[in-house]
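The structure appears right after this line, and notes come after that.
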Amino acid sequence: MSRKFLETESPAWVAEGLITAEQQQRLLARYPPDAVQAVGLLPLLGSILLLLSALSVVAANWQNLPTQVRLGLLLATLAATYAGGEYFLKRGNRRVGHGLIGLGLVVFGVSIILTSQLYQLVGYDVSGLLAWVVVGVLLSYLYESQTLVLLPIIIGAAVQTYCTQALGLFSYATMGLVALGSGYRWWRRPDTIVASVLATGLLWQAALWVALSHSKITWFFIPAMLVYAAGDWHPERPASCALQGPPLIAAYLFALGLALFGETDQYAGLLRPPVLAYLGALAAVFALSVAGKRQRGRLASLPDWLLLLPGFYLPGGLPLAIATLVVLYAHAGSVLARAHRSGEAEQLTLGTVLFVVATMVAYFKLTWAFLDKSLFFLIGGVLLLGMSWYLRRRNAQRLAAGVATVAATPPTPSDQSPTA
């Protein structure tokens with residue numbers, strides 16, 4: 001909460017009797033003006049500039065410094081950042097304190113790399129970089145900070161990228177640390193931003209595994225949907241949706257690509273893994289997801305799995321593209337149906353967008369080849385305007401029905417004032 005928000009909203013709270021004038025002043029006193037906060041940050045900004053100046057001098061002369069001096073500088077910088085973070089935390093400045101501790105974690109990783117170069121260590125061992133991930137995960141448990149939870153996820157993705165691209169190996173320990181260490185931290189203390197970043201980081205590592213092992217790219221969806229299934233078991237719905245967002249986006253883009261390019265049949269060597277192995281693994285993940293949905297009462301979201309129908313096993317051609325379009329329409333319809341039942345405006349918007357996208361893909365696929373271009377764009381414009389009018393009308397009807405229901409609901413005894 002900011003002081004500007006309080007200054008804008010608190011007079012209305014006082015007028016409505018939500019708080020007293022005295023409570024308003026106490027709230028304003030709790031949040032100092034922005035100018036005071038900016039002045040308090042000046043010493044920190046000055047210190048950062050001095051640190052950057054010193055670092056630039058050291059970097060310019062790094063190769064000429066003795067080995068002992070280099071190690072001393074690395075250790076001193078590491079100790080200074082952690083000590084500074086603890087100092088600001090004890091003074092109640094959590095943002096600066098956690099920021100310095102996060103900087104210390106970055107310095108720790110840089111120190112590992114520079115020490116390896118300093119002693120010309122063989123670059124085929126990832127234990128040093130793995131230690132960086134371990135320390136990051138431990139810090140995320142020690143401090144209640146979103147930044148320190150996000151850092152080991154990002155570091156894990158960076159370490160995995162280095163392992164696959166530079167060393168030609170996949171570090172299962174790195175993926176396990178992020179999935180179990182950071183995943184358990186998020187499970188106990190859910191956060192929507194952390195959930196999205198965690199899912200994206202795990203999907204990135206899964207993609208690196210598929211690329212390194214030269215597997216069919218559809219194997220990517222086994223670990224991706226495992227992340228989705230984990231969201232089905234989480235008790236908090238917002239955190240669950242945030243974790244499931246990246247896997248669903250990946251599955252939707254894959255289905256969309258199949259609808260656009262599936263008729264060429266050039267994908268067979270890339271998309272078709274062994275039938276029994278792939279379908280068996282997918283069925284196991286599907287069963288895990290269904291069990292979680294049943295446990296948490298979320299079976300209404302089961303149509304999300306329509307995007308994972310293995311249509312790529314069918315022969316290529318226009319029939320496959322049409323079948324995939326039917327799947328896209330069915331998925332969009334399920335999202336719209338859920339939105340109308342729950343009354344969630346965001347889900348209604350999402351369903352509308354998905355429906356429009358499916359319609360445009362179908363229109364381009366089925367009419368571009370045989371319609372005159374001017375007629376093509378004319379019909380397309382009329383179609384979109386008609387869809388916009390229809391969806392707006394349905395939304396207005398739904399909102400009017402909701403208002404009428406609220407108006408017709410009799411007041412509860414607690415809402416009625418007592419009679420004399």
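We name chains A, B, ... following the order of the structure tokens; residues begin at 1 in each chain, and ligands are numbered from 1 as shown.
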
Hey, could you make a per-residue contact list for segment 122-152 of chain A against segment 92-109 of chain A with 9 Å as the cut-off, showing the nearest pair of atoms and its distance in Å to one decimal, counting only C-alpha atoms, sorted by chain and number, as a tab-separated table?
residue	atom	partner	partner_atom	distance
A:Gly128	CA	A:Gly109	CA	8.5
A:Leu129	CA	A:Gly109	CA	7.1
A:Ala131	CA	A:Gly109	CA	8.7
A:Trp132	CA	A:Gly109	CA	5.7
A:Val133	CA	A:Gly109	CA	8.8
A:Val135	CA	A:Leu105	CA	7.7
A:Gly136	CA	A:Leu105	CA	6.7
A:Leu139	CA	A:Leu105	CA	8.6
A:Tyr143	CA	A:His98	CA	7.9
A:Glu144	CA	A:His98	CA	8.8
A:Ser145	CA	A:His98	CA	6.7
A:Thr147	CA	A:Gly102	CA	7.2
A:Leu148	CA	A:Gly102	CA	6.0
A:Leu151	CA	A:Gly102	CA	7.4

Q. Among segment 8-234 of chain A, which residues carry a DSSP assignment of helix (DSSP H, G or I), reported as a PyMOL selection string?
A. chain A and resi 8-15+21-30+34-60+62-64+67-90+94-118+127-142+146-167+172-188+192-213+217-233

Q) Counting only C-alpha atoms, which of A:Ala239, A:Leu299, A:Ile249, A:Leu138 gets nearest to Leu203 of chain A? A)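 Among the listed residues, A:Ile249 lies closest to Leu203 of chain A.
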
Need to verify the contact set: Phe312 of chain A, 7 Å, only C-alpha atoms, exclusion of same-chain residues closer than 2 positions in sequence. Can you return it as a JSON list (two decimals) with N, CA and C atoms, in the first residue's frame?
[["chain", "number", "residue", "atom", "x", "y", "z"],
["A", 271, "LEU", "N", 7.08, -35.60, -34.62],
["A", 271, "LEU", "CA", 6.02, -35.59, -33.61],
["A", 271, "LEU", "C", 5.55, -36.96, -33.16],
["A", 272, "ARG", "N", 5.86, -38.00, -33.86],
["A", 272, "ARG", "CA", 5.27, -39.30, -33.57],
["A", 272, "ARG", "C", 6.23, -40.21, -32.81],
["A", 310, "PRO", "N", -3.85, -36.89, -29.10],
["A", 310, "PRO", "CA", -2.72, -37.17, -30.00],
["A", 310, "PRO", "C", -3.14, -37.31, -31.46],
["A", 314, "LEU", "N", -2.68, -39.44, -36.66],
["A", 314, "LEU", "CA", -3.52, -39.60, -37.84],
["A", 314, "LEU", "C", -2.76, -39.20, -39.08]]

Q.
I'd like the interatomic distance between atom CA of Arg188 of chain A and atom CA of Leu130 of chain A, to a tenth of an Å.
A.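 Taking atom CA of Arg188 of chain A as the start and atom CA of Leu130 of chain A as the end point, the length is 23.6 Å.
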
Q: Just the residues within 10 Å of Asp191 of chain A, please, counting only C-alpha atoms, with nothing from its chain fewer than 6 positions along; format it as a ChimeraX atom specification.
A: /A:146,149,185,236,238-240,242-243
